[in-house]
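Source file: model28.cif (mmCIF, C-alpha atoms)
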data_structure
loop_
_atom_site.label_atom_id
_atom_site.label_comp_id
_atom_site.auth_asym_id
_atom_site.auth_seq_id
_atom_site.Cartn_x
_atom_site.Cartn_y
_atom_site.Cartn_z
CA MET A 1 -70.65 -77.82 -2.21
CA SER A 2 -72.24 -74.73 -3.72
CA LEU A 3 -75.91 -74.69 -4.72
CA ARG A 4 -74.80 -74.03 -8.30
CA THR A 5 -72.89 -77.33 -8.34
CA VAL A 6 -75.82 -79.13 -6.72
CA ARG A 7 -78.16 -77.76 -9.38
CA ALA A 8 -75.79 -78.82 -12.17
CA LEU A 9 -75.58 -82.34 -10.68
CA LEU A 10 -79.35 -82.48 -10.33
CA TRP A 11 -79.79 -81.58 -13.99
CA CYS A 12 -77.32 -84.38 -14.89
CA ALA A 13 -79.30 -86.82 -12.72
CA ILE A 14 -82.62 -85.73 -14.29
CA THR A 15 -81.15 -86.24 -17.77
CA LEU A 16 -79.80 -89.67 -16.80
CA VAL A 17 -83.14 -90.78 -15.29
CA CYS A 18 -85.05 -89.62 -18.39
CA ALA A 19 -82.57 -91.26 -20.74
CA GLY A 20 -82.44 -94.49 -18.71
CA SER A 21 -86.22 -94.76 -18.43
CA LEU A 22 -86.75 -94.05 -22.12
CA PHE A 23 -84.02 -96.54 -23.05
CA GLY A 24 -85.58 -99.23 -20.83
CA LEU A 25 -89.07 -98.58 -22.19
CA ALA A 26 -87.72 -98.65 -25.75
CA ILE A 27 -86.15 -102.08 -25.17
CA VAL A 28 -89.38 -103.43 -23.67
CA ALA A 29 -91.43 -101.88 -26.52
CA GLN A 30 -89.03 -103.30 -29.10
CA GLY A 31 -89.37 -106.73 -27.53
CA ALA A 32 -93.16 -106.46 -27.60
CA ALA A 33 -93.16 -105.24 -31.20
CA THR A 34 -90.83 -107.92 -32.52
CA GLY A 35 -92.29 -110.67 -30.35
CA SER A 36 -88.87 -111.50 -28.94
CA ALA A 37 -88.70 -112.85 -25.41
CA ALA A 38 -87.95 -110.53 -22.52
CA GLN A 39 -84.46 -110.91 -21.13
CA THR A 40 -83.63 -110.88 -17.48
CA THR A 41 -80.78 -111.86 -15.19
CA LEU A 42 -81.57 -113.04 -11.68
CA PRO A 43 -79.00 -113.58 -8.92
CA LEU A 44 -79.34 -116.97 -7.20
CA ARG A 45 -78.45 -118.29 -3.76
CA ILE A 46 -77.73 -122.03 -3.71
CA GLU A 47 -78.73 -124.15 -0.71
CA PRO A 48 -77.12 -126.44 0.27
CA ALA A 49 -74.02 -125.09 -1.40
CA GLU A 50 -71.28 -127.28 -2.82
CA ALA A 51 -68.02 -126.82 -0.97
CA GLU A 52 -64.46 -127.78 -1.76
CA PRO A 53 -61.75 -127.88 0.89
CA VAL A 54 -58.96 -125.33 0.49
CA MET A 55 -55.57 -126.76 1.45
CA GLY A 56 -52.63 -124.92 2.94
CA ARG A 57 -49.74 -124.53 0.45
CA THR A 58 -47.00 -125.67 2.84
CA THR A 59 -48.89 -127.65 5.45
CA GLY A 60 -51.06 -129.65 3.03
CA ARG A 61 -53.83 -129.54 5.60
CA PRO A 62 -57.33 -128.02 5.15
CA ALA A 63 -57.15 -124.21 5.49
CA GLY A 64 -60.73 -123.31 4.58
CA GLN A 65 -63.55 -123.97 2.13
CA LEU A 66 -64.49 -122.82 -1.36
CA VAL A 67 -68.27 -122.43 -1.09
CA LEU A 68 -70.19 -122.24 -4.38
CA ASP A 69 -73.29 -120.67 -2.89
CA HIS A 70 -74.19 -118.06 -5.53
CA GLY A 71 -75.08 -118.16 -9.19
CA THR A 72 -76.84 -116.23 -11.95
CA LEU A 73 -79.91 -117.23 -13.90
CA LYS A 74 -80.04 -115.74 -17.40
CA LEU A 75 -83.49 -116.02 -18.90
CA HIS A 76 -84.85 -115.31 -22.38
CA THR A 77 -88.43 -115.85 -21.43
CA GLY A 78 -91.14 -114.42 -19.24
CA GLY A 79 -93.71 -113.61 -21.89
CA ALA A 80 -96.02 -110.64 -22.18
CA ALA A 81 -96.85 -110.60 -18.45
CA TYR A 82 -93.19 -110.22 -17.50
CA ALA A 83 -92.57 -107.58 -20.18
CA SER A 84 -95.63 -105.64 -18.98
CA LEU A 85 -94.41 -105.79 -15.37
CA GLN A 86 -90.97 -104.63 -16.50
CA ALA A 87 -92.58 -101.68 -18.32
CA VAL A 88 -94.67 -100.80 -15.25
CA ASP A 89 -91.55 -101.07 -13.08
CA ILE A 90 -89.57 -98.73 -15.36
CA LEU A 91 -92.48 -96.27 -15.53
CA VAL A 92 -93.13 -96.21 -11.76
CA THR A 93 -89.46 -96.09 -10.73
CA GLY A 94 -88.49 -93.59 -13.44
CA ALA A 95 -91.46 -91.31 -12.74
CA LEU A 96 -90.86 -91.33 -8.98
CA TRP A 97 -87.13 -90.59 -9.34
CA LEU A 98 -87.86 -87.84 -11.87
CA LEU A 99 -90.42 -86.20 -9.55
CA ILE A 100 -88.04 -86.50 -6.57
CA LEU A 101 -85.18 -84.89 -8.51
CA ILE A 102 -87.43 -82.09 -9.80
CA LYS A 103 -88.62 -81.38 -6.25
CA ILE A 104 -85.01 -81.33 -4.98
CA LEU A 105 -84.10 -78.95 -7.82
CA GLN A 106 -87.02 -76.69 -6.85
CA LEU A 107 -85.82 -76.82 -3.22
CA ALA A 108 -82.29 -75.87 -4.31
CA ASN A 109 -83.67 -72.94 -6.32
CA GLN A 110 -85.74 -71.82 -3.35
CA PHE A 111 -82.77 -72.04 -0.99
CA ALA A 112 -80.69 -70.06 -3.48
CA SER A 113 -83.31 -67.29 -3.38
CA GLY A 114 -82.62 -66.92 0.36
CA GLN A 115 -86.06 -68.08 1.53
CA PRO A 116 -85.58 -71.67 2.78
CA PHE A 117 -88.21 -71.65 5.53
CA GLU A 118 -91.35 -71.44 3.42
CA PRO A 119 -94.44 -73.68 3.63
CA GLN A 120 -93.63 -74.68 0.04
CA SER A 121 -90.29 -76.16 1.20
CA VAL A 122 -92.15 -78.26 3.75
CA ARG A 123 -94.56 -79.57 1.11
CA ARG A 124 -91.68 -80.40 -1.25
CA LEU A 125 -89.66 -82.15 1.45
CA ARG A 126 -92.72 -84.18 2.48
CA PHE A 127 -93.25 -85.18 -1.15
CA VAL A 128 -89.60 -86.26 -1.47
CA GLY A 129 -89.79 -88.21 1.82
CA TRP A 130 -92.97 -90.08 0.95
CA SER A 131 -91.73 -90.74 -2.61
CA LEU A 132 -88.50 -92.29 -1.29
CA ILE A 133 -90.54 -94.51 1.03
CA ALA A 134 -92.81 -95.44 -1.91
CA LEU A 135 -89.72 -96.31 -3.99
CA ASN A 136 -88.46 -98.62 -1.25
CA VAL A 137 -91.86 -100.30 -0.91
CA TRP A 138 -92.08 -100.61 -4.70
CA ALA A 139 -88.64 -102.27 -4.73
CA TRP A 140 -89.92 -104.87 -2.24
CA ILE A 141 -93.05 -105.44 -4.36
CA ARG A 142 -90.89 -105.83 -7.46
CA LEU A 143 -88.59 -108.31 -5.70
CA ILE A 144 -91.57 -110.36 -4.61
CA ALA A 145 -93.65 -110.09 -7.79
CA LEU A 146 -91.24 -110.11 -10.74
CA PRO A 147 -89.13 -113.28 -10.24
CA PRO A 148 -92.13 -115.65 -9.86
CA VAL A 149 -93.56 -114.28 -13.14
CA ALA A 150 -90.21 -114.85 -14.86
CA LEU A 151 -89.84 -118.32 -13.35
CA ALA A 152 -93.41 -119.33 -14.25
CA GLY A 153 -92.34 -119.92 -17.84
CA ILE A 154 -89.45 -122.27 -17.13
CA ASP A 155 -89.05 -125.81 -15.86
CA PRO A 156 -87.85 -125.37 -12.26
CA VAL A 157 -85.64 -128.45 -12.44
CA VAL A 158 -82.34 -127.42 -14.04
CA GLY A 159 -79.85 -130.29 -13.86
CA LYS A 160 -79.24 -131.01 -10.19
CA TYR A 161 -80.73 -127.65 -9.16
CA HIS A 162 -84.30 -126.69 -8.37
CA VAL A 163 -84.94 -122.99 -9.18
CA LEU A 164 -87.19 -121.24 -6.66
CA PRO A 165 -88.43 -117.67 -6.05
CA SER A 166 -86.98 -115.85 -3.03
CA ILE A 167 -90.01 -116.68 -0.89
CA ALA A 168 -90.93 -120.34 -1.42
CA ALA A 169 -90.70 -123.61 0.47
CA SER A 170 -87.46 -125.52 -0.16
CA VAL A 171 -87.63 -128.77 -2.11
CA GLU A 172 -86.39 -131.60 0.08
CA GLY A 173 -83.52 -133.62 -1.32
CA ALA A 174 -82.78 -131.15 -4.12
CA ARG A 175 -80.14 -128.45 -4.42
CA ASN A 176 -82.29 -125.31 -4.22
CA ALA A 177 -81.26 -122.32 -6.35
CA ARG A 178 -83.30 -119.56 -4.81
CA VAL A 179 -83.61 -116.06 -6.30
CA ASP A 180 -81.38 -113.91 -4.10
CA SER A 181 -83.41 -110.86 -3.17
CA THR A 182 -82.06 -108.27 -0.80
CA TYR A 183 -84.83 -106.36 0.86
CA GLY A 184 -82.96 -103.12 1.55
CA ILE A 185 -84.24 -100.34 3.74
CA SER A 186 -81.85 -97.55 2.70
CA LEU A 187 -84.45 -95.51 0.81
CA LEU A 188 -86.94 -96.06 3.62
CA ALA A 189 -84.44 -94.67 6.16
CA VAL A 190 -83.57 -91.69 3.93
CA GLY A 191 -87.28 -91.05 3.31
CA LEU A 192 -87.99 -91.02 7.05
CA LEU A 193 -85.04 -88.68 7.60
CA VAL A 194 -86.41 -86.31 4.93
CA LEU A 195 -89.84 -86.40 6.64
CA VAL A 196 -88.16 -85.45 9.94
CA LEU A 197 -86.35 -82.63 8.12
CA ALA A 198 -89.69 -81.51 6.70
CA GLN A 199 -90.98 -81.20 10.27
CA ALA A 200 -87.91 -79.11 11.18
CA PHE A 201 -88.60 -76.87 8.17
CA ARG A 202 -92.27 -76.58 9.21
CA ILE A 203 -91.16 -75.35 12.64
CA GLY A 204 -88.69 -73.00 10.93
CA ALA A 205 -91.43 -71.65 8.64
CA ASP A 206 -93.72 -71.06 11.66
CA LEU A 207 -90.91 -69.27 13.53
CA ARG A 208 -90.13 -67.10 10.49
CA GLU A 209 -93.82 -66.25 10.13
CA ASP A 210 -93.99 -65.31 13.83
CA ASN A 211 -90.78 -63.31 13.57
CA GLU A 212 -92.11 -61.34 10.62
CA ALA A 213 -95.26 -60.46 12.61
CA ILE A 214 -93.26 -59.06 15.52
CA VAL A 215 -92.25 -55.39 15.37
CA MET B 1 -107.61 -60.02 20.02
CA ALA B 2 -108.05 -58.93 23.63
CA ILE B 3 -104.93 -56.76 23.57
CA ILE B 4 -105.67 -53.23 22.37
CA VAL B 5 -102.86 -50.94 21.20
CA ASN B 6 -103.44 -47.32 22.19
CA ILE B 7 -100.52 -45.68 20.44
CA ASP B 8 -102.79 -43.28 18.53
CA VAL B 9 -104.22 -42.02 21.85
CA MET B 10 -100.75 -41.39 23.23
CA LEU B 11 -99.63 -39.77 19.96
CA ALA B 12 -102.60 -37.40 20.16
CA LYS B 13 -101.82 -36.59 23.82
CA ARG B 14 -98.16 -35.87 22.98
CA LYS B 15 -99.08 -34.12 19.71
CA MET B 16 -96.62 -36.29 17.85
CA SER B 17 -97.00 -37.67 14.31
CA VAL B 18 -96.71 -41.36 13.45
CA SER B 19 -93.74 -40.73 11.17
CA ALA B 20 -91.93 -38.75 13.86
CA LEU B 21 -92.45 -41.61 16.33
CA ALA B 22 -91.26 -44.14 13.74
CA ASP B 23 -88.11 -42.07 13.16
CA THR B 24 -87.44 -41.68 16.89
CA VAL B 25 -87.97 -45.38 17.69
CA GLY B 26 -86.11 -46.54 14.59
CA ILE B 27 -88.77 -48.76 13.04
CA SER B 28 -90.44 -48.43 9.67
CA LEU B 29 -93.65 -46.47 9.27
CA THR B 30 -95.27 -49.64 7.89
CA ASN B 31 -94.43 -51.64 11.00
CA LEU B 32 -95.59 -48.83 13.28
CA SER B 33 -98.88 -48.61 11.36
CA LEU B 34 -99.31 -52.39 11.69
CA LEU B 35 -98.65 -52.13 15.44
CA LYS B 36 -101.03 -49.18 15.77
CA THR B 37 -103.82 -51.13 14.08
CA GLY B 38 -103.11 -54.27 16.14
CA LYS B 39 -102.14 -56.35 13.09
CA VAL B 40 -99.01 -57.82 14.65
CA LYS B 41 -98.36 -60.92 16.74
CA GLY B 42 -95.94 -59.31 19.16
CA VAL B 43 -93.79 -56.36 20.14
CA ARG B 44 -90.08 -56.58 20.96
CA PHE B 45 -89.06 -55.14 24.34
CA GLY B 46 -86.62 -52.92 22.41
CA THR B 47 -89.46 -51.43 20.34
CA LEU B 48 -91.65 -51.00 23.43
CA ASP B 49 -88.75 -49.35 25.24
CA GLY B 50 -88.24 -46.91 22.33
CA ILE B 51 -91.97 -46.06 22.12
CA CYS B 52 -92.26 -45.51 25.89
CA GLU B 53 -89.18 -43.29 25.83
CA ALA B 54 -90.38 -41.27 22.84
CA LEU B 55 -93.91 -40.83 24.22
CA ASP B 56 -92.77 -40.52 27.85
CA CYS B 57 -95.23 -43.12 29.03
CA GLN B 58 -95.55 -46.60 30.56
CA PRO B 59 -96.22 -49.82 28.57
CA GLY B 60 -99.66 -49.89 30.20
CA ASP B 61 -100.48 -46.56 28.55
CA ILE B 62 -99.92 -48.15 25.13
CA LEU B 63 -101.21 -51.68 25.67
CA GLU B 64 -104.56 -52.49 27.22
CA TYR B 65 -106.22 -55.82 27.94
CA ARG B 66 -109.91 -55.84 27.08
CA PRO B 67 -111.62 -59.28 27.36
CA ASP B 68 -113.50 -60.33 24.19
#
What would the structure in this file look like if it were written as structure tokens?
Amino acid sequence: MSLRTVRALLWCAITLVCAGSLFGLAIVAQGAATGSAAQTTLPLRIEPAEAEPVMGRTTGRPAGQLVLDHGTLKLHTGGAAYASLQAVDILVTGALWLLILIKILQLANQFASGQPFEPQSVRRLRFVGWSLIALNVWAWIRLIALPPVALAGIDPVVGKYHVLPSIAASVEGARNARVDSTYGISLLAVGLLVLVLAQAFRIGADLREDNEAIV
Amino acid sequence: MAIIVNIDVMLAKRKMSVSALADTVGISLTNLSLLKTGKVKGVRFGTLDGICEALDCQPGDILEYRPD
């Protein structure tokens, strides 16, 4: 892929991040202004799950199980605390992605100028690496912090289910509907890879500097 | 640095100008001036070979180690 295409895609991504962040903030601000409740949808994992036997068409014998172990909780609550956290989340995530994309765009421009091994490249790559790690850590914080705030405003007993945050003790004798949070490490791994690349670029910049001082 | 470059001494002995040496060796006058003033980190064997050939001397005539 040519650097021109990469730059065009980066501009598209920057526009999307700006538009998405502004749209999200506008919705939160509108909710705060009109006093309407914040809306959120949380994936749930149900334990113990209900299961129905699946029978074979010709044999009439059990051929498996239909396990109803996932659900979705749609909330129209959360209050000002939840809306504030949502706004902070949009601001932090949007700002970090925007900075990362701008730094990548600056890197692409620098590479296009034919001078990739510059100390500036190293600084930009380090910034991108640490920002990706920060985004991953922020995602974990959000997964831990946001659902309990949203759940604080509701009665945890919903029919035969007991709604719980992702990290909470199970309620004995009840069917627990726990918020299903996936603590991914993809951004962390990419961030570490970018930091390793930054080291490679630092070595490259040192070599280039040495090479330029040799006649 | 403890390495002293004595190109100007050899140029004077051979009555050769800096630009003539740069032309003969095939490096820029700027780089030769930087080398002459010791403002470089290293010299390629190819450059050293060209200088020694042009000035009819040994590397030791151009480079000298003088402890700080």
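Using only C-alpha atoms, one finds that the residues of chain A close to chain B, at 8 Å or less, are Asp210, Ala213, Ile214 and Val215 of chain A.
Nearest residue to Gly153 of chain A among A:Ser166, A:Ala177, A:Ser36, A:Tyr82 is A:Tyr82, counting all atoms listed in the file.
For the atom pair formed by atom CA of Arg45 of chain A and atom CA of Gln86 of chain A, the distance is 22.5 Å, given to one decimal.
For Leu91 of chain A, the set of protein, DNA and RNA residues having any atom at most 12 Å away, when counting all atoms listed in the file and skipping those fewer than 5 positions along the same chain, is Val17, Cys18, Gly20, Ser21, Leu22, Phe23, Gly24, Leu25, Ala26, Val28, Ser84, Leu85, Gln86, Leu96, Trp97, Leu98, Leu99, Leu135 and Trp138 of chain A.
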Q. Any chance you could work out the residue set of the PyMOL selection byres ((chain A and resi 121) around 12) here, as a ChimeraX atom specification?
A. /A:103-111,115-120,122-128,194-195,197-205
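Here atom CA of Val179 of chain A is placed at a distance of 5.1 Å from atom CA of Pro165 of chain A.
Atom CA of Glu64 of chain B is found 20.4 Å from atom CA of Val25 of chain B.
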Taking every listed atom of segment 17-20 of chain B and adding 3 Å to each side, what centre and edge lengths in Å (one decimal) does the axis-aligned box have, as AutoDock Vina command-line options?
--center_x -94.5 --center_y -39.5 --center_z 12.7 --size_x 11.1 --size_y 9.7 --size_z 9.1
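Distance annotation: of B:Val5, B:Asp68, B:Thr24, B:Lys36, the residue with the minimal separation from Asp49 of chain B is B:Thr24; atom set is only C-alpha atoms.
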So that I can see what lies close to segment 59-62 of chain B, please list as a compact mmCIF listing (two decimals) with C-alpha atoms, in the coordinates of the input the residues with an atom at most 9 Å from it, counting all atoms listed in the file and leaving out residues fewer than 4 positions away in the same chain.
# COMPACT_ATOMS: atom_id res chain seq x y z
CA ILE B 4 -105.67 -53.23 22.37
CA VAL B 5 -102.86 -50.94 21.20
CA ASN B 6 -103.44 -47.32 22.19
CA ILE B 7 -100.52 -45.68 20.44
CA ASP B 8 -102.79 -43.28 18.53
CA VAL B 9 -104.22 -42.02 21.85
CA MET B 10 -100.75 -41.39 23.23
CA LEU B 48 -91.65 -51.00 23.43
CA ASP B 49 -88.75 -49.35 25.24
CA ILE B 51 -91.97 -46.06 22.12
CA CYS B 52 -92.26 -45.51 25.89
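Ranking A:Ile14, A:Ala139, A:Val171, A:Lys160 by their shortest atom-to-atom distance to Ala95 of chain A, with all atoms listed in the file included, puts A:Ile14 first.
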Q: Write out as a VMD selection string the residues lying within 10 Å of Pro62 of chain A, counting only C-alpha atoms and excluding same-chain residues fewer than 4 positions away.
A: chain A and resid 52 to 57
Q: Using the chain letters and numbers from the file, give me the residues hit by the PyMOL selection byres ((chain A and resi 51) around 9), as JSON, numbers by chain.
A: {"A": [49, 50, 52, 53, 65, 66, 67, 68, 69]}
**Q.** Expected selection from the PyMOL selection byres ((chain A and resi 133) around 8), given as a ChimeraX atom specification
**A.** /A:129-132,134-137,187-189,191-192
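Distance annotation: of A:Ala19, A:Met1, A:Val92, A:Leu146, the residue with the minimal separation from Thr41 of chain A is A:Leu146; atom set is all atoms listed in the file.
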